[in-house]
$ cat final.txt   # compact mmCIF, C-alpha atoms and all ligand atoms
# COMPACT_ATOMS: atom_id res chain seq x y z
CA MET A 1 -3.27 22.79 -15.54
CA ILE A 2 -1.00 20.94 -13.12
CA LEU A 3 -2.90 18.69 -10.71
CA LEU A 4 0.02 17.24 -8.72
CA ASP A 5 3.43 18.86 -8.44
CA VAL A 6 6.12 17.10 -6.42
CA VAL A 7 9.42 18.92 -5.89
CA ASN A 8 12.56 17.29 -4.47
CA LEU A 9 10.93 14.46 -2.55
CA LYS A 10 13.21 12.55 -0.18
CA THR A 11 11.93 9.60 1.86
CA THR A 12 14.00 7.58 4.30
CA PHE A 13 13.12 4.66 6.57
CA GLN A 14 14.83 4.31 9.90
CA ILE A 15 15.64 0.68 10.57
CA ASP A 16 18.08 -1.00 13.00
CA ALA A 17 20.79 -1.21 10.36
CA GLY A 18 20.57 2.54 9.52
CA ASN A 19 18.58 4.78 7.15
CA VAL A 20 17.15 3.30 3.98
CA GLN A 21 17.21 6.15 1.44
CA ALA A 22 14.25 4.93 -0.57
CA VAL A 23 13.53 8.14 -2.51
CA ARG A 24 16.44 10.55 -3.03
CA GLY A 25 15.23 13.84 -4.49
CA VAL A 26 12.48 13.11 -6.99
CA SER A 27 10.51 15.84 -8.82
CA PHE A 28 7.63 15.34 -11.23
CA HIS A 29 4.19 16.64 -12.07
CA VAL A 30 0.90 15.30 -13.38
CA ASP A 31 -1.46 17.46 -15.43
CA GLU A 32 -5.23 17.36 -15.14
CA GLY A 33 -6.67 14.52 -17.24
CA GLU A 34 -3.19 13.11 -17.93
CA SER A 35 -1.95 9.62 -17.22
CA ILE A 36 1.65 9.01 -16.32
CA GLY A 37 3.50 5.77 -15.72
CA ILE A 38 6.15 5.32 -13.03
CA VAL A 39 8.34 2.43 -14.10
CA GLY A 40 11.30 0.60 -12.59
CA GLU A 41 12.38 -2.68 -11.06
CA SER A 42 11.32 -3.80 -7.62
CA GLY A 43 12.84 -1.56 -4.94
CA SER A 44 13.42 1.45 -7.20
CA GLY A 45 11.18 3.64 -5.03
CA LYS A 46 7.99 3.81 -7.15
CA SER A 47 5.50 2.84 -4.45
CA VAL A 48 7.25 4.79 -1.68
CA THR A 49 7.13 7.91 -3.89
CA MET A 50 3.34 7.75 -4.14
CA LEU A 51 2.81 6.60 -0.55
CA SER A 52 4.85 9.64 0.52
CA VAL A 53 2.51 11.90 -1.46
CA THR A 54 -0.61 10.36 0.09
CA ARG A 55 1.04 10.03 3.53
CA LEU A 56 0.38 6.32 3.84
CA LEU A 57 3.78 5.25 5.13
CA PRO A 58 4.64 3.50 8.42
CA GLU A 59 5.93 5.43 11.45
CA ASN A 60 9.60 4.77 10.70
CA ALA A 61 9.37 6.81 7.48
CA LYS A 62 10.60 10.39 7.22
CA VAL A 63 9.33 12.41 4.27
CA GLU A 64 10.92 15.69 3.18
CA ALA A 65 10.18 17.76 0.09
CA ASP A 66 10.35 21.34 -1.15
CA SER A 67 6.70 21.05 -2.15
CA ILE A 68 3.91 18.51 -2.70
CA ASN A 69 1.10 20.52 -4.24
CA PHE A 70 -2.17 18.78 -5.06
CA ASN A 71 -4.95 20.69 -6.81
CA GLY A 72 -3.62 24.01 -5.50
CA THR A 73 -3.13 22.84 -1.89
CA GLU A 74 0.30 22.42 -0.32
CA LEU A 75 -0.01 18.97 1.25
CA LEU A 76 3.12 19.41 3.39
CA LYS A 77 1.21 22.00 5.44
CA GLN A 78 -1.85 19.80 5.99
CA ASP A 79 -2.55 17.66 9.06
CA ASP A 80 -3.36 13.95 9.06
CA ASN A 81 -7.11 14.65 9.22
CA PHE A 82 -6.98 16.56 5.95
CA MET A 83 -4.92 13.78 4.38
CA ARG A 84 -7.45 11.15 5.49
CA LYS A 85 -10.19 13.19 3.84
CA ILE A 86 -8.50 13.34 0.48
CA GLN A 87 -7.39 9.68 0.53
CA GLY A 88 -10.31 7.88 -1.02
CA SER A 89 -12.14 11.04 -2.06
CA GLU A 90 -9.98 13.29 -4.22
CA ILE A 91 -7.28 10.65 -4.60
CA GLY A 92 -8.42 7.07 -5.31
CA MET A 93 -6.01 4.16 -5.03
CA ILE A 94 -5.87 0.60 -6.27
CA PHE A 95 -3.22 -1.98 -5.45
CA GLN A 96 -1.88 -5.22 -6.83
CA ASP A 97 -3.86 -7.83 -4.96
CA PRO A 98 -7.59 -7.14 -4.79
CA MET A 99 -8.18 -10.17 -2.55
CA THR A 100 -6.17 -8.74 0.33
CA SER A 101 -7.76 -5.29 -0.08
CA LEU A 102 -11.31 -6.65 0.03
CA ASN A 103 -12.81 -7.94 3.27
CA PRO A 104 -13.99 -11.55 2.73
CA LEU A 105 -16.75 -11.15 5.35
CA PHE A 106 -18.65 -8.30 3.70
CA THR A 107 -20.57 -8.21 0.44
CA ILE A 108 -19.18 -6.31 -2.52
CA GLY A 109 -22.10 -3.87 -2.25
CA ASP A 110 -21.33 -3.04 1.40
CA GLN A 111 -17.68 -2.50 0.62
CA ILE A 112 -18.37 -0.10 -2.25
CA MET A 113 -20.98 1.66 -0.13
CA GLU A 114 -18.63 2.38 2.76
CA PRO A 115 -16.60 5.24 1.20
CA ILE A 116 -19.80 6.64 -0.34
CA ARG A 117 -21.37 6.82 3.15
CA ILE A 118 -18.27 8.37 4.71
CA HIS A 119 -17.25 10.85 2.04
CA GLN A 120 -20.48 11.63 0.17
CA LYS A 121 -22.85 11.22 3.11
CA LEU A 122 -25.27 9.21 0.96
CA SER A 123 -27.37 6.50 2.60
CA GLY A 124 -30.16 4.01 1.89
CA GLU A 125 -31.53 3.90 -1.65
CA ASP A 126 -29.28 6.72 -2.91
CA ALA A 127 -26.15 4.88 -1.82
CA LYS A 128 -27.43 1.66 -3.41
CA LYS A 129 -28.17 3.49 -6.67
CA ARG A 130 -24.63 4.87 -6.65
CA VAL A 131 -23.18 1.36 -6.08
CA ILE A 132 -25.13 0.02 -9.07
CA GLU A 133 -24.01 2.97 -11.17
CA LEU A 134 -20.38 2.28 -10.22
CA LEU A 135 -20.61 -1.45 -10.95
CA LYS A 136 -22.03 -0.56 -14.37
CA LEU A 137 -19.21 1.94 -14.90
CA VAL A 138 -16.61 -0.79 -14.36
CA GLU A 139 -18.62 -3.10 -16.63
CA ILE A 140 -19.64 -5.74 -14.11
CA PRO A 141 -22.67 -7.47 -15.61
CA ASP A 142 -25.90 -7.88 -13.63
CA PRO A 143 -24.90 -5.40 -10.90
CA GLU A 144 -28.19 -5.67 -8.92
CA SER A 145 -27.49 -9.28 -7.95
CA ARG A 146 -23.67 -9.05 -7.96
CA LEU A 147 -23.66 -6.46 -5.19
CA LYS A 148 -25.08 -9.06 -2.78
CA GLN A 149 -22.18 -11.43 -3.40
CA TYR A 150 -18.90 -11.88 -1.48
CA PRO A 151 -15.34 -11.37 -2.84
CA HIS A 152 -14.69 -15.15 -3.22
CA GLU A 153 -17.58 -15.32 -5.69
CA PHE A 154 -15.70 -12.99 -8.06
CA SER A 155 -12.80 -13.84 -10.41
CA GLY A 156 -9.46 -11.99 -10.04
CA GLY A 157 -10.29 -9.58 -12.87
CA MET A 158 -13.80 -8.91 -11.51
CA ARG A 159 -12.35 -8.24 -8.04
CA GLN A 160 -9.97 -5.70 -9.54
CA ARG A 161 -12.98 -4.07 -11.25
CA VAL A 162 -14.62 -3.85 -7.81
CA MET A 163 -11.49 -2.19 -6.41
CA ILE A 164 -11.60 0.32 -9.27
CA ALA A 165 -15.29 0.97 -8.47
CA ILE A 166 -14.36 1.64 -4.82
CA ALA A 167 -11.52 3.95 -5.89
CA LEU A 168 -13.87 5.85 -8.22
CA SER A 169 -16.77 6.01 -5.78
CA CYS A 170 -16.07 9.59 -4.72
CA ASN A 171 -15.14 10.93 -8.17
CA PRO A 172 -11.41 11.33 -7.51
CA LYS A 173 -9.36 13.80 -9.51
CA LEU A 174 -6.41 11.41 -9.36
CA LEU A 175 -6.32 7.62 -9.50
CA ILE A 176 -3.12 5.95 -8.30
CA ALA A 177 -2.85 2.36 -9.52
CA ASP A 178 0.07 0.40 -8.05
CA GLU A 179 0.75 -2.72 -10.15
CA PRO A 180 -3.00 -3.12 -10.74
CA THR A 181 -2.66 -5.94 -13.25
CA THR A 182 0.41 -7.83 -12.01
CA ALA A 183 -1.61 -10.56 -10.28
CA LEU A 184 -3.84 -11.13 -13.32
CA ASP A 185 -3.34 -13.26 -16.39
CA VAL A 186 -2.45 -11.58 -19.67
CA THR A 187 -5.94 -11.41 -21.23
CA VAL A 188 -7.54 -10.05 -18.07
CA GLN A 189 -4.64 -7.58 -17.70
CA ALA A 190 -5.46 -6.16 -21.12
CA GLN A 191 -9.16 -5.86 -20.24
CA ILE A 192 -8.42 -3.97 -17.00
CA LEU A 193 -6.04 -1.61 -18.82
CA ASP A 194 -8.67 -0.99 -21.51
CA LEU A 195 -11.19 -0.23 -18.78
CA MET A 196 -8.83 2.22 -17.06
CA ASP A 197 -8.16 3.93 -20.37
CA GLU A 198 -11.91 4.30 -21.07
CA LEU A 199 -12.60 5.57 -17.54
CA LYS A 200 -9.83 8.12 -17.81
CA LYS A 201 -11.47 9.57 -20.92
CA LYS A 202 -15.01 9.33 -19.57
CA LEU A 203 -14.28 10.87 -16.17
CA ASN A 204 -11.43 13.19 -17.21
CA MET A 205 -9.33 12.12 -14.22
CA SER A 206 -5.56 11.83 -13.99
CA ILE A 207 -3.92 8.45 -13.52
CA ILE A 208 -0.56 7.47 -12.05
CA LEU A 209 0.18 3.91 -13.02
CA ILE A 210 3.03 2.25 -11.11
CA THR A 211 4.50 -0.84 -12.71
CA HIS A 212 7.70 -2.79 -13.31
CA ASN A 213 6.51 -3.55 -16.84
CA LEU A 214 6.95 -0.89 -19.51
CA GLY A 215 4.59 -2.87 -21.75
CA VAL A 216 1.72 -2.10 -19.38
CA VAL A 217 2.16 1.70 -19.45
CA ALA A 218 2.34 1.78 -23.25
CA LYS A 219 -1.39 1.25 -23.40
CA ILE A 220 -2.66 4.15 -21.36
CA CYS A 221 0.10 6.60 -20.39
CA ASN A 222 0.95 9.87 -22.12
CA ARG A 223 4.19 10.26 -20.19
CA ILE A 224 6.59 7.90 -18.46
CA ILE A 225 8.93 8.38 -15.50
CA VAL A 226 11.71 5.81 -15.10
CA MET A 227 13.04 5.30 -11.56
CA TYR A 228 16.15 3.53 -10.38
CA GLY A 229 17.78 3.40 -6.93
CA GLY A 230 15.42 6.04 -5.51
CA LEU A 231 16.13 8.47 -8.36
CA LEU A 232 14.32 9.58 -11.46
CA VAL A 233 16.69 8.54 -14.26
CA GLU A 234 14.64 9.35 -17.37
CA GLU A 235 11.36 11.09 -18.12
CA GLY A 236 9.58 11.64 -21.39
CA THR A 237 6.44 11.20 -23.43
CA SER A 238 5.61 7.56 -24.13
CA ARG A 239 6.87 8.15 -27.69
CA GLU A 240 10.20 9.48 -26.43
CA ILE A 241 10.68 6.63 -23.97
CA PHE A 242 9.76 3.92 -26.48
CA TYR A 243 11.37 5.33 -29.61
CA GLU A 244 14.22 7.54 -28.34
CA PRO A 245 15.21 6.13 -24.94
CA LYS A 246 18.53 7.53 -23.74
CA HIS A 247 19.30 5.87 -20.41
CA PRO A 248 20.93 2.43 -20.53
CA TYR A 249 18.59 1.37 -17.72
CA THR A 250 15.56 2.30 -19.86
CA TRP A 251 17.03 0.16 -22.66
CA GLY A 252 17.25 -2.72 -20.22
CA LEU A 253 13.62 -2.27 -19.19
CA LEU A 254 12.52 -2.11 -22.82
CA ARG A 255 14.38 -5.32 -23.61
CA SER A 256 12.75 -7.03 -20.68
CA ILE A 257 9.12 -6.31 -21.64
CA PRO A 258 7.41 -9.68 -21.29
CA LYS A 259 6.28 -11.25 -24.53
CA VAL A 260 2.53 -11.19 -25.15
CA THR A 261 2.61 -14.96 -25.37
CA ALA A 262 3.89 -15.32 -21.80
CA GLN A 263 1.41 -16.79 -19.35
CA LYS A 264 2.40 -14.43 -16.52
CA SER A 265 4.10 -11.11 -16.99
CA LYS A 266 7.47 -11.56 -15.29
CA LEU A 267 10.39 -9.24 -15.75
CA ILE A 268 13.40 -10.85 -17.43
CA PRO A 269 15.97 -9.29 -15.11
CA ILE A 270 18.72 -6.93 -16.18
CA PRO A 271 22.01 -8.59 -15.05
CA GLY A 272 23.24 -7.50 -11.61
CA SER A 273 21.30 -6.23 -8.65
CA PRO A 274 19.95 -2.86 -7.51
CA PRO A 275 22.00 -0.67 -5.13
CA ASP A 276 21.90 -1.01 -1.36
CA LEU A 277 19.82 1.98 -0.32
CA LEU A 278 21.30 1.90 3.20
CA SER A 279 24.47 3.29 1.61
CA PRO A 280 23.73 4.27 -1.98
CA PRO A 281 26.74 4.63 -4.30
CA ALA A 282 28.33 8.07 -4.71
CA GLY A 283 27.94 8.07 -8.49
CA CYS A 284 25.16 6.90 -10.79
CA PRO A 285 23.34 4.07 -9.00
CA PHE A 286 23.10 2.11 -12.26
CA ALA A 287 26.82 2.38 -13.09
CA PRO A 288 27.84 -1.00 -11.58
CA ARG A 289 25.32 -2.73 -13.90
CA CYS A 290 25.81 -0.48 -16.92
CA GLU A 291 27.84 -1.84 -19.84
CA TYR A 292 28.60 1.73 -20.96
CA ALA A 293 29.76 3.05 -17.57
CA MET A 294 32.75 5.41 -17.56
CA LYS A 295 35.00 6.37 -14.64
CA VAL A 296 32.95 9.51 -13.94
CA CYS A 297 29.77 7.44 -13.59
CA MET A 298 31.19 5.62 -10.55
CA LYS A 299 32.31 8.84 -8.83
CA TYR A 300 29.72 11.58 -9.41
CA PRO A 301 25.94 11.51 -9.72
CA PRO A 302 24.83 12.57 -13.22
CA LYS A 303 22.80 15.78 -13.47
CA LYS A 304 19.46 15.91 -15.24
CA ILE A 305 19.92 16.89 -18.89
CA GLY A 306 16.96 18.28 -20.85
CA LEU A 307 16.63 16.85 -24.36
CA SER A 308 13.27 18.40 -25.25
CA ASP A 309 10.48 20.20 -23.37
CA THR A 310 9.24 16.83 -22.22
CA HIS A 311 12.30 14.55 -22.32
CA SER A 312 15.11 14.52 -19.76
CA VAL A 313 17.72 12.02 -18.65
CA ALA A 314 20.26 11.74 -15.85
CA CYS A 315 23.17 9.97 -17.52
CA TRP A 316 26.81 10.97 -18.06
CA LEU A 317 26.69 9.50 -21.57
CA MET A 318 24.44 12.39 -22.58
CA HIS A 319 26.84 15.03 -21.25
CA PRO A 320 28.15 17.27 -24.09
CA LYS A 321 31.73 16.24 -23.23
CA SER A 322 30.96 12.52 -23.15
CA PRO A 323 32.78 10.51 -25.82
CA GLY A 324 29.38 8.98 -26.61
CA TYR A 325 28.91 5.31 -27.27
CA LYS A 326 28.63 3.00 -30.15
CA MET A 327 25.62 0.81 -30.00
CA GLU A 328 24.17 -1.55 -32.47
CA GLY A 329 20.60 -2.62 -32.83
CA LEU A 330 17.32 -1.15 -31.76
CA TYR A 331 18.46 1.83 -29.71
CA ALA A 332 21.50 2.85 -31.78
CA ASN A 333 20.19 6.35 -32.41
CA ARG A 334 22.96 8.54 -31.12
N1 LIG A 401 8.70 0.15 5.78
C1 LIG A 401 9.90 0.11 5.22
N2 LIG A 401 11.02 0.02 5.99
C2 LIG A 401 12.25 0.00 5.43
N3 LIG A 401 12.47 0.06 4.09
C3 LIG A 401 11.40 0.13 3.28
C4 LIG A 401 10.06 0.16 3.79
N4 LIG A 401 9.20 0.24 2.74
C5 LIG A 401 9.98 0.28 1.63
N5 LIG A 401 11.28 0.20 1.94
C6 LIG A 401 12.43 0.21 1.02
O1 LIG A 401 12.29 1.30 0.13
C7 LIG A 401 12.81 0.98 -1.14
C8 LIG A 401 11.81 1.35 -2.20
O2 LIG A 401 10.65 0.51 -2.08
P1 LIG A 401 9.40 0.62 -3.04
O3 LIG A 401 8.34 -0.28 -2.49
O4 LIG A 401 9.04 2.02 -3.31
O5 LIG A 401 9.94 0.01 -4.38
P2 LIG A 401 9.12 -0.26 -5.69
O6 LIG A 401 9.93 0.33 -6.78
O7 LIG A 401 7.72 0.21 -5.56
O8 LIG A 401 9.17 -1.82 -5.77
P3 LIG A 401 8.01 -2.90 -5.55
O9 LIG A 401 7.35 -3.01 -6.86
O10 LIG A 401 8.73 -4.13 -5.15
O11 LIG A 401 7.11 -2.36 -4.45
C9 LIG A 401 13.15 -0.50 -1.11
O12 LIG A 401 14.54 -0.62 -0.92
C10 LIG A 401 12.40 -1.01 0.10
O13 LIG A 401 13.09 -2.08 0.69

$ encode --input "final.txt" --output "structure tokens" --more "lines below"
Ligand SMILES: Nc1ncnc2c1ncn2[C@@H]1O[C@H](COP(=O)(O)OP(=O)(O)OP(=O)(O)O)[C@@H](O)[C@H]1O
Amino acid sequence: MILLDVVNLKTTFQIDAGNVQAVRGVSFHVDEGESIGIVGESGSGKSVTMLSVTRLLPENAKVEADSINFNGTELLKQDDNFMRKIQGSEIGMIFQDPMTSLNPLFTIGDQIMEPIRIHQKLSGEDAKKRVIELLKLVEIPDPESRLKQYPHEFSGGMRQRVMIAIALSCNPKLLIADEPTTALDVTVQAQILDLMDELKKKLNMSIILITHNLGVVAKICNRIIVMYGGLLVEEGTSREIFYEPKHPYTWGLLRSIPKVTAQKSKLIPIPGSPPDLLSPPAGCPFAPRCEYAMKVCMKYPPKKIGLSDTHSVACWLMHPKSPGYKMEGLYANR
């Protein structure tokens, strides 16, 4: 069963210099109980895609789509009140920096209790019981005394566990996690990903994990969407993306997975810089950085080519009339 179905999403931002075409016709779906990863460098449109779905963008944003269907409801037809109701109830969200999302002046318990009071109408002892249950769910030891503490008394990893508890407080069907482990060190990153993987199985919810690091999605995602320049350039099961990647940009991302020994997970950049989304190139947005680019790549945008039921790529190299390419090494499988 499909939980979220997004068809032809286009998001632009009006700024003084013109229109930033942040998302340029993106379609994807998420099944119930499935976890997908949205991967790409900074500025590729990952966050804006999901903020468009949840309607959490600033006033200068314009969102168009053929359909954004969530759990059988067409979200494009819903008003802001409806959207506020599902944000934090049916759709839970966690972001990169738990310190800025938590209020330093309130205890952890109060902050977890707030959405429970608003959305589930629980109060007093029942709400407190639910907070303790949630802290246990995210494996925070000694929850009875921890709920009286303030955010600064928690480590980075523990704060992210609190954010997950808040996101899960109303039993969401979908959890959107935007770079949830980027601010954490490698060991804590792995613990948070393990926790998310366990919770996904336990609660049978869907997860959308947004990250610049393909290594992070490997752990918990069944399917991966690769974005570049506001477009979806490749999509496939994790197996297809890791073992049979077809887009030169995906190869670049795979090569730049940070080593496990690194202290902080930083992307080793692919040479060149992303396109200017105020005036995106006419052809493939990756062509100027692509060592396999042909003339056609500069002129015309590549169409999506299906390679299996689950795998598709938008790259001229995969066109039946393409001369193909010779590649040595890890991804030389064509
Ligand atoms: N409020 C805004 N006004 C103008 N442009 C914006 C705004 N928010 C985002 N953008 C632009 O939209 C594009 C896509 O941004 P987005 O945040 O989705 O990228 P991302 O892939 O999630 O990268 P990051 O990991 O850095 O957030 C970028 O070019 C960004 O500059």

$ residues_near_ligand --input "final.txt" --ligand "ligand LIG 401 (chain A)" --cutoff "9 Å" --atoms "all atoms listed in the file" --output "number ranges by chain"
A: 11-15, 19-23, 38-51, 57-61, 178-179, 210-212, 227-230, 274-278

$ write_last_selection --input "final.txt" --atoms "C-alpha atoms" --output "compact mmCIF listing (two decimals), in the frame of the given file"
# COMPACT_ATOMS: atom_id res chain seq x y z
CA THR A 11 11.93 9.60 1.86
CA THR A 12 14.00 7.58 4.30
CA PHE A 13 13.12 4.66 6.57
CA GLN A 14 14.83 4.31 9.90
CA ILE A 15 15.64 0.68 10.57
CA ASN A 19 18.58 4.78 7.15
CA VAL A 20 17.15 3.30 3.98
CA GLN A 21 17.21 6.15 1.44
CA ALA A 22 14.25 4.93 -0.57
CA VAL A 23 13.53 8.14 -2.51
CA ILE A 38 6.15 5.32 -13.03
CA VAL A 39 8.34 2.43 -14.10
CA GLY A 40 11.30 0.60 -12.59
CA GLU A 41 12.38 -2.68 -11.06
CA SER A 42 11.32 -3.80 -7.62
CA GLY A 43 12.84 -1.56 -4.94
CA SER A 44 13.42 1.45 -7.20
CA GLY A 45 11.18 3.64 -5.03
CA LYS A 46 7.99 3.81 -7.15
CA SER A 47 5.50 2.84 -4.45
CA VAL A 48 7.25 4.79 -1.68
CA THR A 49 7.13 7.91 -3.89
CA MET A 50 3.34 7.75 -4.14
CA LEU A 51 2.81 6.60 -0.55
CA LEU A 57 3.78 5.25 5.13
CA PRO A 58 4.64 3.50 8.42
CA GLU A 59 5.93 5.43 11.45
CA ASN A 60 9.60 4.77 10.70
CA ALA A 61 9.37 6.81 7.48
CA ASP A 178 0.07 0.40 -8.05
CA GLU A 179 0.75 -2.72 -10.15
CA ILE A 210 3.03 2.25 -11.11
CA THR A 211 4.50 -0.84 -12.71
CA HIS A 212 7.70 -2.79 -13.31
CA MET A 227 13.04 5.30 -11.56
CA TYR A 228 16.15 3.53 -10.38
CA GLY A 229 17.78 3.40 -6.93
CA GLY A 230 15.42 6.04 -5.51
CA PRO A 274 19.95 -2.86 -7.51
CA PRO A 275 22.00 -0.67 -5.13
CA ASP A 276 21.90 -1.01 -1.36
CA LEU A 277 19.82 1.98 -0.32
CA LEU A 278 21.30 1.90 3.20

$ atom_distance --input "final.txt" --atom1 "CA of Leu76 (chain A)" --atom2 "CA of Ala177 (chain A)"
22.2 Å

$ atom_distance --input "final.txt" --atom1 "CA of Ile270 (chain A)" --atom2 "CA of Lys10 (chain A)"
25.8 Å

$ atom_distance --input "final.txt" --atom1 "CA of Lys200 (chain A)" --atom2 "CA of Ser35 (chain A)"
8.0 Å

$ residues_around --input "final.txt" --residues "Val131 (chain A)" --least-positions-apart "5" --cutoff "12 Å" --atoms "all atoms listed in the file" --output "ChimeraX atom specification"
/A:107-117,122-126,136-138,140,143-148,162,165-170

$ closest_residue --input "final.txt" --among "A:Glu234, A:Glu153, A:Asp79, A:Glu291" --to "Gly272 (chain A)" --atoms "only C-alpha atoms"
A:Glu291

$ residues_around --input "final.txt" --residues "Ile2 (chain A)" --least-positions-apart "2" --cutoff "7 Å" --atoms "only C-alpha atoms" --output "PDB file with C-alpha atoms, in the coordinates of the input"
ATOM      1  CA  LEU A   4       0.020  17.240  -8.720  1.00  0.00           C
ATOM      2  CA  ASP A   5       3.430  18.860  -8.440  1.00  0.00           C
ATOM      3  CA  HIS A  29       4.190  16.640 -12.070  1.00  0.00           C
ATOM      4  CA  VAL A  30       0.900  15.300 -13.380  1.00  0.00           C
ATOM      5  CA  ASP A  31      -1.460  17.460 -15.430  1.00  0.00           C
ATOM      6  CA  GLU A  32      -5.230  17.360 -15.140  1.00  0.00           C
TER       7      GLU A  32
END

$ closest_residue --input "final.txt" --among "A:Leu254, A:Ala282, A:Ala17, A:Met294" --to "Gly324 (chain A)" --atoms "all atoms listed in the file"
A:Met294

$ closest_residue --input "final.txt" --among "A:Pro141, A:Gly236, A:Pro180, A:Gly37" --to "Ser308 (chain A)" --atoms "all atoms listed in the file"
A:Gly236

$ closest_residue --input "final.txt" --among "A:Leu174, A:Ala287, A:Ile224, A:Met196" --to "Glu90 (chain A)" --atoms "all atoms listed in the file"
A:Leu174

$ residues_around --input "final.txt" --residues "Thr181 (chain A)" --least-positions-apart "6" --cutoff "12 Å" --atoms "all atoms listed in the file" --output "PyMOL selection string"
chain A and resi 94-98+156-161+163-164+187-196+209-213+215-217+264-266

$ residues_around --input "final.txt" --residues "Glu235 (chain A)" --least-positions-apart "5" --cutoff "7 Å" --atoms "only C-alpha atoms" --output "count of residues only"
6
